$ cat target_8.txt   # compact mmCIF, C-alpha atoms and all ligand atoms
# COMPACT_ATOMS: atom_id res chain seq x y z
CA MET A 299 10.12 -27.04 -2.77
CA ILE A 300 9.61 -24.01 -4.98
CA ASN A 301 5.88 -23.27 -5.23
CA LEU A 302 5.28 -20.49 -7.73
CA LYS A 303 1.99 -19.11 -9.07
CA ILE A 304 2.09 -17.25 -12.36
CA LEU A 305 -0.45 -14.44 -11.91
CA CYS A 306 0.28 -12.00 -14.74
CA SER A 307 2.68 -12.98 -17.53
CA GLY A 308 2.26 -10.38 -20.22
CA THR A 309 3.07 -6.85 -21.25
CA PRO A 310 1.17 -3.53 -21.12
CA THR A 311 -1.02 -4.72 -24.01
CA PRO A 312 -4.20 -6.29 -22.59
CA SER A 313 -5.04 -9.69 -24.05
CA GLU A 314 -7.35 -12.52 -23.06
CA ILE A 315 -4.51 -14.79 -22.04
CA ARG A 316 -1.79 -12.54 -20.60
CA TRP A 317 -1.52 -9.02 -19.25
CA GLY A 318 1.09 -7.31 -17.07
CA SER A 319 3.50 -8.85 -14.60
CA ALA A 320 2.95 -10.52 -11.18
CA TYR A 321 4.12 -13.74 -9.49
CA ALA A 322 3.44 -15.27 -6.08
CA LEU A 323 6.04 -17.43 -4.33
CA GLN A 324 5.26 -19.44 -1.22
CA ILE A 325 7.77 -19.19 1.61
CA GLY A 326 6.66 -21.14 4.69
CA ASN A 327 3.05 -20.18 5.36
CA GLU A 328 3.39 -16.81 3.64
CA TRP A 329 3.19 -15.62 0.06
CA PHE A 330 5.70 -13.18 -1.39
CA MET A 331 4.53 -11.30 -4.46
CA PHE A 332 6.85 -10.01 -7.18
CA ASP A 333 5.27 -7.12 -9.10
CA CYS A 334 1.62 -6.18 -9.04
CA GLY A 335 0.56 -5.60 -12.63
CA PRO A 336 -2.97 -5.14 -13.99
CA ALA A 337 -5.58 -7.44 -12.36
CA ALA A 338 -2.95 -9.06 -10.09
CA THR A 339 -5.33 -9.03 -7.10
CA TYR A 340 -8.10 -10.70 -9.11
CA LYS A 341 -5.71 -13.34 -10.42
CA LEU A 342 -4.28 -13.85 -6.92
CA THR A 343 -7.81 -14.60 -5.74
CA LYS A 344 -8.39 -16.93 -8.70
CA ALA A 345 -5.18 -18.73 -7.70
CA GLY A 346 -6.73 -19.34 -4.25
CA ILE A 347 -4.58 -16.84 -2.35
CA SER A 348 -6.09 -14.08 -0.21
CA PRO A 349 -4.39 -10.68 -0.41
CA LEU A 350 -3.98 -11.07 3.36
CA ASP A 351 -1.75 -14.11 2.81
CA VAL A 352 0.74 -11.87 1.00
CA THR A 353 3.15 -10.39 3.54
CA ASN A 354 5.88 -9.03 1.27
CA LEU A 355 5.66 -7.35 -2.11
CA PHE A 356 8.69 -6.61 -4.30
CA PHE A 357 8.60 -4.32 -7.33
CA THR A 358 11.15 -4.90 -10.09
CA HIS A 359 10.42 -1.43 -11.50
CA HIS A 360 7.57 1.04 -11.80
CA HIS A 361 6.28 0.70 -15.32
CA SER A 362 2.49 0.42 -15.06
CA ASP A 363 2.39 -3.16 -16.36
CA HIS A 364 4.26 -4.03 -13.14
CA ASP A 365 2.45 -1.86 -10.58
CA ALA A 366 -0.98 -0.75 -11.87
CA ASP A 367 -2.90 -3.03 -9.48
CA TYR A 368 -1.04 -1.81 -6.38
CA ALA A 369 -3.92 0.41 -5.22
CA CYS A 370 -6.41 -2.43 -5.65
CA PHE A 371 -4.15 -4.83 -3.77
CA LEU A 372 -3.63 -2.43 -0.83
CA LEU A 373 -7.33 -1.58 -0.57
CA MET A 374 -8.54 -5.18 -0.77
CA ARG A 375 -5.97 -6.18 1.85
CA PHE A 376 -7.37 -3.41 4.07
CA ASP A 377 -11.00 -4.22 3.25
CA GLN A 378 -10.67 -7.91 4.13
CA SER A 379 -8.54 -7.37 7.23
CA ILE A 380 -9.61 -8.22 10.78
CA GLY A 381 -6.74 -6.16 12.16
CA LYS A 382 -4.66 -9.14 13.28
CA GLU A 383 -2.68 -9.87 10.13
CA LYS A 384 1.00 -9.20 9.58
CA ILE A 385 1.98 -5.72 8.39
CA LEU A 386 2.61 -5.60 4.65
CA ASN A 387 6.24 -4.94 3.69
CA VAL A 388 6.82 -3.42 0.26
CA TYR A 389 10.21 -3.07 -1.44
CA GLY A 390 11.27 -1.67 -4.77
CA PRO A 391 13.33 0.97 -6.51
CA PRO A 392 12.12 4.57 -6.21
CA PRO A 393 9.38 5.79 -6.34
CA THR A 394 8.00 2.89 -4.26
CA GLU A 395 7.62 5.03 -1.11
CA GLN A 396 6.20 8.00 -3.00
CA LEU A 397 3.70 5.85 -4.87
CA THR A 398 2.50 4.30 -1.60
CA LYS A 399 2.06 7.74 -0.02
CA ARG A 400 0.23 9.07 -3.05
CA LEU A 401 -2.18 6.13 -3.00
CA VAL A 402 -2.93 5.69 0.71
CA GLY A 403 -0.85 8.27 2.62
CA GLU A 404 -2.48 10.32 5.38
CA GLU A 405 -4.51 13.18 3.86
CA ILE A 406 -2.56 13.18 0.57
CA GLY A 407 -3.40 9.65 -0.59
CA ALA A 408 -5.80 9.36 -3.53
CA TYR A 409 -7.69 6.67 -1.55
CA TRP A 410 -7.37 8.17 1.94
CA HIS A 411 -11.13 8.82 1.88
CA ASP A 412 -11.72 5.04 1.71
CA TYR A 413 -9.68 4.48 4.87
CA ILE A 414 -11.64 7.24 6.65
CA ALA A 415 -15.04 6.01 5.50
CA ARG A 416 -14.39 2.35 6.36
CA THR A 417 -12.88 3.06 9.78
CA ASN A 418 -15.80 5.26 10.80
CA HIS A 419 -19.15 4.43 9.19
CA PRO A 420 -21.32 1.89 11.10
CA LEU A 421 -21.79 -0.20 7.93
CA SER A 422 -18.06 -0.83 7.60
CA LEU A 423 -17.57 -1.27 11.35
CA TRP A 424 -20.35 -3.89 11.36
CA ALA A 425 -18.76 -5.75 8.42
CA TYR A 426 -15.39 -5.61 10.17
CA GLN A 427 -16.79 -7.09 13.39
CA ASP A 428 -18.85 -9.62 11.43
CA ARG A 429 -15.69 -11.17 9.98
CA GLY A 430 -13.94 -11.23 13.35
CA GLY A 431 -12.40 -7.79 13.84
CA GLU A 432 -12.46 -5.92 17.13
CA LEU A 433 -13.11 -2.19 17.39
CA PRO A 434 -11.65 0.33 17.05
CA ARG A 435 -10.85 -0.38 13.40
CA GLU A 436 -7.38 0.99 12.70
CA ILE A 437 -5.92 2.45 9.54
CA PRO A 438 -3.29 -0.05 8.33
CA HIS A 439 0.40 0.70 8.44
CA ILE A 440 2.29 -0.21 5.27
CA ASN A 441 6.04 -0.61 5.54
CA SER A 442 7.10 0.62 2.11
CA ASN A 443 10.78 0.99 1.24
CA ASP A 444 12.81 2.42 -1.60
CA ILE A 445 15.76 0.07 -2.01
CA GLU A 446 19.07 0.17 -3.85
CA PRO A 447 20.85 -2.56 -5.80
CA GLY A 448 22.68 -4.76 -3.30
CA PHE A 449 19.87 -4.59 -0.75
CA VAL A 450 19.54 -7.88 1.14
CA LEU A 451 16.64 -9.10 3.26
CA ASN A 452 17.06 -12.10 5.55
CA GLY A 453 14.25 -14.19 7.00
CA GLU A 454 13.89 -17.54 8.66
CA ASN A 455 15.45 -19.98 6.19
CA TRP A 456 15.34 -17.51 3.31
CA LYS A 457 17.29 -14.61 1.88
CA ILE A 458 16.37 -12.13 -0.84
CA SER A 459 18.98 -10.12 -2.71
CA CYS A 460 18.87 -7.87 -5.76
CA LYS A 461 20.99 -6.39 -8.51
CA ARG A 462 20.43 -3.56 -10.95
CA VAL A 463 19.42 -4.70 -14.43
CA GLU A 464 19.18 -2.63 -17.59
CA HIS A 465 15.76 -1.57 -18.87
CA VAL A 466 14.74 2.11 -19.21
CA GLN A 467 17.29 3.99 -17.11
CA PRO A 468 17.62 6.83 -16.31
CA TYR A 469 13.84 7.26 -16.25
CA LEU A 470 13.14 4.21 -14.07
CA ASP A 471 15.53 2.00 -12.16
CA SER A 472 15.12 -1.80 -12.45
CA LEU A 473 16.02 -4.66 -10.14
CA ALA A 474 16.28 -8.42 -10.52
CA TYR A 475 15.63 -10.43 -7.34
CA ARG A 476 17.09 -13.69 -6.15
CA VAL A 477 15.36 -15.73 -3.46
CA ASP A 478 17.48 -18.32 -1.69
CA MET A 479 15.52 -20.78 0.37
CA LYS A 480 16.70 -23.82 2.37
CA ASN A 481 18.03 -25.83 -0.56
CA GLN A 482 16.67 -23.98 -3.56
CA SER A 483 16.85 -20.67 -5.33
CA ILE A 484 14.74 -18.72 -7.80
CA VAL A 485 15.47 -15.50 -9.68
CA PHE A 486 13.04 -12.94 -11.12
CA SER A 487 14.67 -11.03 -13.97
CA GLY A 488 12.10 -8.24 -14.23
CA ASP A 489 12.38 -6.41 -17.53
CA THR A 490 15.91 -6.11 -18.83
CA ARG A 491 18.18 -6.54 -21.77
CA PRO A 492 20.70 -9.33 -21.23
CA CYS A 493 23.39 -8.06 -18.87
CA GLU A 494 26.21 -9.28 -16.65
CA ALA A 495 24.35 -8.46 -13.44
CA LEU A 496 21.48 -10.72 -14.43
CA VAL A 497 23.84 -13.59 -15.27
CA ASN A 498 25.63 -13.11 -11.94
CA ILE A 499 22.53 -13.01 -9.78
CA SER A 500 21.12 -16.06 -11.60
CA ALA A 501 24.23 -18.21 -11.18
CA ASN A 502 23.31 -21.88 -10.65
CA ALA A 503 19.73 -21.00 -9.67
CA ASP A 504 17.13 -23.75 -9.66
CA ALA A 505 14.74 -21.50 -11.58
CA LEU A 506 14.94 -18.25 -13.52
CA VAL A 507 11.70 -16.39 -14.27
CA MET A 508 12.92 -14.60 -17.37
CA GLU A 509 11.60 -11.94 -19.66
CA CYS A 510 11.13 -13.40 -23.15
CA ALA A 511 9.39 -10.57 -24.94
CA ARG A 512 9.83 -11.39 -28.61
CA LEU A 513 11.61 -13.42 -31.23
CA ASP A 514 15.11 -12.21 -31.90
CA ARG A 515 14.34 -11.19 -35.50
CA GLU A 516 11.68 -8.71 -34.28
CA MET A 517 14.23 -6.84 -32.21
CA LYS A 518 16.92 -6.34 -34.83
CA GLY A 519 17.68 -2.69 -35.55
CA ASN A 520 15.15 -1.10 -33.20
CA ALA A 521 15.05 0.25 -29.64
CA THR A 522 13.66 -2.95 -28.09
CA ALA A 523 17.11 -4.59 -28.15
CA GLN A 524 18.39 -1.89 -25.77
CA SER A 525 15.72 -2.55 -23.14
CA GLU A 526 14.26 -6.04 -23.48
CA SER A 527 15.29 -9.67 -23.82
CA SER A 528 14.39 -11.84 -26.79
CA ALA A 529 13.99 -15.61 -26.80
CA LEU A 530 17.58 -15.90 -27.99
CA ASP A 531 18.74 -13.65 -25.14
CA ALA A 532 16.74 -15.64 -22.56
CA GLY A 533 18.47 -18.84 -23.67
CA LYS A 534 21.91 -17.22 -23.60
CA VAL A 535 21.43 -15.82 -20.09
CA ALA A 536 20.11 -19.15 -18.79
CA LYS A 537 23.05 -21.01 -20.32
CA GLU A 538 25.68 -18.58 -19.03
CA ALA A 539 24.14 -18.60 -15.56
CA ASN A 540 23.79 -22.39 -15.59
CA VAL A 541 20.22 -22.37 -14.27
CA LYS A 542 18.27 -25.63 -14.08
CA ASN A 543 14.80 -24.42 -15.08
CA LEU A 544 14.02 -21.47 -17.32
CA ILE A 545 10.51 -20.02 -16.99
CA LEU A 546 9.71 -17.86 -20.01
CA THR A 547 7.38 -14.95 -19.33
CA HIS A 548 6.45 -11.36 -20.32
CA GLN A 549 5.65 -12.52 -23.84
CA VAL A 550 4.06 -9.95 -26.14
CA HIS A 551 0.37 -10.71 -26.64
CA TYR A 552 0.82 -12.44 -30.03
CA LEU A 553 3.91 -14.50 -29.12
CA ASP A 554 1.86 -17.58 -28.24
CA GLU A 555 1.23 -17.99 -31.98
CA TYR A 556 5.00 -18.46 -32.41
CA LYS A 557 5.57 -20.63 -29.34
CA ASP A 558 7.38 -23.46 -31.16
CA GLU A 559 9.71 -21.01 -32.89
CA VAL A 560 10.40 -19.23 -29.61
CA ILE A 561 11.21 -22.47 -27.78
CA ASN A 562 13.55 -23.54 -30.60
CA GLU A 563 15.32 -20.19 -30.38
CA VAL A 564 15.78 -20.63 -26.63
CA LYS A 565 16.96 -24.24 -27.11
CA SER A 566 19.66 -23.12 -29.54
CA ASN A 567 21.56 -21.99 -26.44
CA PHE A 568 19.95 -23.49 -23.37
CA LYS A 569 19.79 -27.25 -22.80
CA GLY A 570 18.00 -27.26 -19.43
CA ASN A 571 14.27 -27.48 -18.69
CA ILE A 572 12.11 -24.81 -20.34
CA ILE A 573 8.70 -23.80 -18.98
CA TRP A 574 6.35 -21.57 -20.99
CA ALA A 575 4.51 -19.45 -18.40
CA ASP A 576 0.74 -19.26 -18.68
CA GLU A 577 -1.36 -17.20 -16.28
CA LEU A 578 -2.71 -19.06 -13.24
CA MET A 579 -0.19 -21.86 -13.78
CA THR A 580 1.31 -23.44 -10.66
CA ILE A 581 4.98 -24.36 -10.98
CA LYS A 582 6.41 -26.74 -8.41
CA ILE A 583 10.11 -27.54 -8.62
ZN ZN B 601 7.05 -4.97 -18.41
$ encode --input "target_8.txt" --output "structure tokens"
Amino acid sequence: MINLKILCSGTPTPSEIRWGSAYALQIGNEWFMFDCGPAATYKLTKAGISPLDVTNLFFTHHHSDHDADYACFLLMRFDQSIGKEKILNVYGPPPTEQLTKRLVGEEIGAYWHDYIARTNHPLSLWAYQDRGGELPREIPHINSNDIEPGFVLNGENWKISCKRVEHVQPYLDSLAYRVDMKNQSIVFSGDTRPCEALVNISANADALVMECARLDREMKGNATAQSESSALDAGKVAKEANVKNLILTHQVHYLDEYKDEVINEVKSNFKGNIIWADELMTIKI
């Protein structure tokens, strides 16, 4: 069964109901996170998932609404560790490795001082032992990787693949991810205009988590149409790819006011099941 938690389902504009991008998918006993936008760690906790339960993190791209909580996530994972958890694997287009180094890399990381303080001061060593850790307290290793379109990761009963989608190149590269599990599959579009690669990677998927930024009429004649997907686009992609369930996300902060209109626009092309993502929603398919 697909077990998906919607953590962040908005854009860079903070609002009370949606902000940034982040999703958690359960695979076996582990959680895989896709993007780590603003307040993702807080929302992960509200969803009942410890940062330590997340073993793999995938970035679609490095706009801040998709990665601004990365430092918080890494530091809370370190802070709550007892030194026996799985190493965190991180994948994404460049500059995933550079960002990781600049946040927590030896000497150069902006938060390196936190690692040093917490692995040395008696207060932190006491807290570490109190929750079950054994000294010495080590600095965590993070396996961060810049990946290219076509990268494939295989696990036990699952496979993750990716394709390049079209957002704000050449400034930032963008990837869509497909997760194939035993009998089911789910795709994360990331941010993209409708494109052939997205249709291909989404082919016959059980679920597509799809950017649905605006109504089509808002995007006519301006730059958004070159970089984002409208409700009309989301429906077209889902129809062409023949997905079963379309999960609409990354709505601009006022789009909830137009929800009925948006759904009708999607339905004009797509006849499958439509799910309107709200933050902290659990989707089981
Ligand atoms: Zn975005």
$ closest_residue --input "target_8.txt" --among "A:Asn502, A:Ser528, A:Gln549, A:Thr417" --to "ligand ZN 601 (chain B)" --atoms "all atoms listed in the file"
A:Gln549
$ residues_near_ligand --input "target_8.txt" --ligand "ligand ZN 601 (chain B)" --cutoff "6 Å" --atoms "only C-alpha atoms and all ligand atoms" --output "ChimeraX atom specification"
/A:309,363,489
$ closest_residue --input "target_8.txt" --among "A:Arg416, A:Phe356, A:Met374, A:Val402" --to "A:Leu451" --atoms "all atoms listed in the file"
A:Phe356
$ residues_around --input "target_8.txt" --residues "A:Leu302" --least-positions-apart "6" --cutoff "6 Å" --atoms "all atoms listed in the file" --output "PyMOL selection string"
chain A and resi 322-323+580-581
$ closest_residue --input "target_8.txt" --among "A:Gly570, A:Gly431, A:Pro336, A:Pro438" --to "A:Gly403" --atoms "all atoms listed in the file"
A:Pro438
$ closest_residue --input "target_8.txt" --among "A:Leu355, A:Ile315, A:Leu473, A:Ala532" --to "A:Leu506" --atoms "only C-alpha atoms"
A:Ala532
$ atom_distance --input "target_8.txt" --atom1 "atom CA of A:Ala521" --atom2 "atom CA of A:Glu538"
24.1 Å
$ axis_aligned_box --input "target_8.txt" --around "stretch 498-509 of chain A" --padding-each-side "3 Å" --output "lines of an AutoDock Vina configuration file"
center_x = 18.6
center_y = -17.8
center_z = -14.7
size_x = 20.0
size_y = 17.8
size_z = 16.0
$ closest_residue --input "target_8.txt" --among "A:Ala505, A:Asp444, A:Ile385, A:Ile380" --to "A:Trp424" --atoms "only C-alpha atoms"
A:Ile380
$ residues_around --input "target_8.txt" --residues "A:Arg316" --least-positions-apart "5" --cutoff "8 Å" --atoms "all atoms listed in the file" --output "number ranges by chain"
A: 306-309, 551, 576-577
$ atom_distance --input "target_8.txt" --atom1 "atom CA of A:Asp367" --atom2 "atom CA of A:Lys382"
23.6 Å
$ atom_distance --input "target_8.txt" --atom1 "atom CA of A:Glu494" --atom2 "atom CA of A:Ala474"
11.7 Å
$ residues_around --input "target_8.txt" --residues "A:Ile347" --least-positions-apart "3" --cutoff "12 Å" --atoms "all atoms listed in the file" --output "number ranges by chain"
A: 302-303, 305, 321-324, 327-331, 338-344, 350-353, 375, 578
$ residues_around --input "target_8.txt" --residues "A:Cys493" --least-positions-apart "6" --cutoff "12 Å" --atoms "only C-alpha atoms" --output "PyMOL selection string"
chain A and resi 461-465+473-474+487+499-500+523-527+531-532+534-536+538-539
$ closest_residue --input "target_8.txt" --among "A:Asn354, A:Tyr475, A:Asp365, A:Val450" --to "A:Leu397" --atoms "only C-alpha atoms"
A:Asp365
$ residues_around --input "target_8.txt" --residues "A:Lys480" --least-positions-apart "2" --cutoff "7 Å" --atoms "all atoms listed in the file" --output "MDAnalysis selection string"
chainID A and resid 455:456 478 482
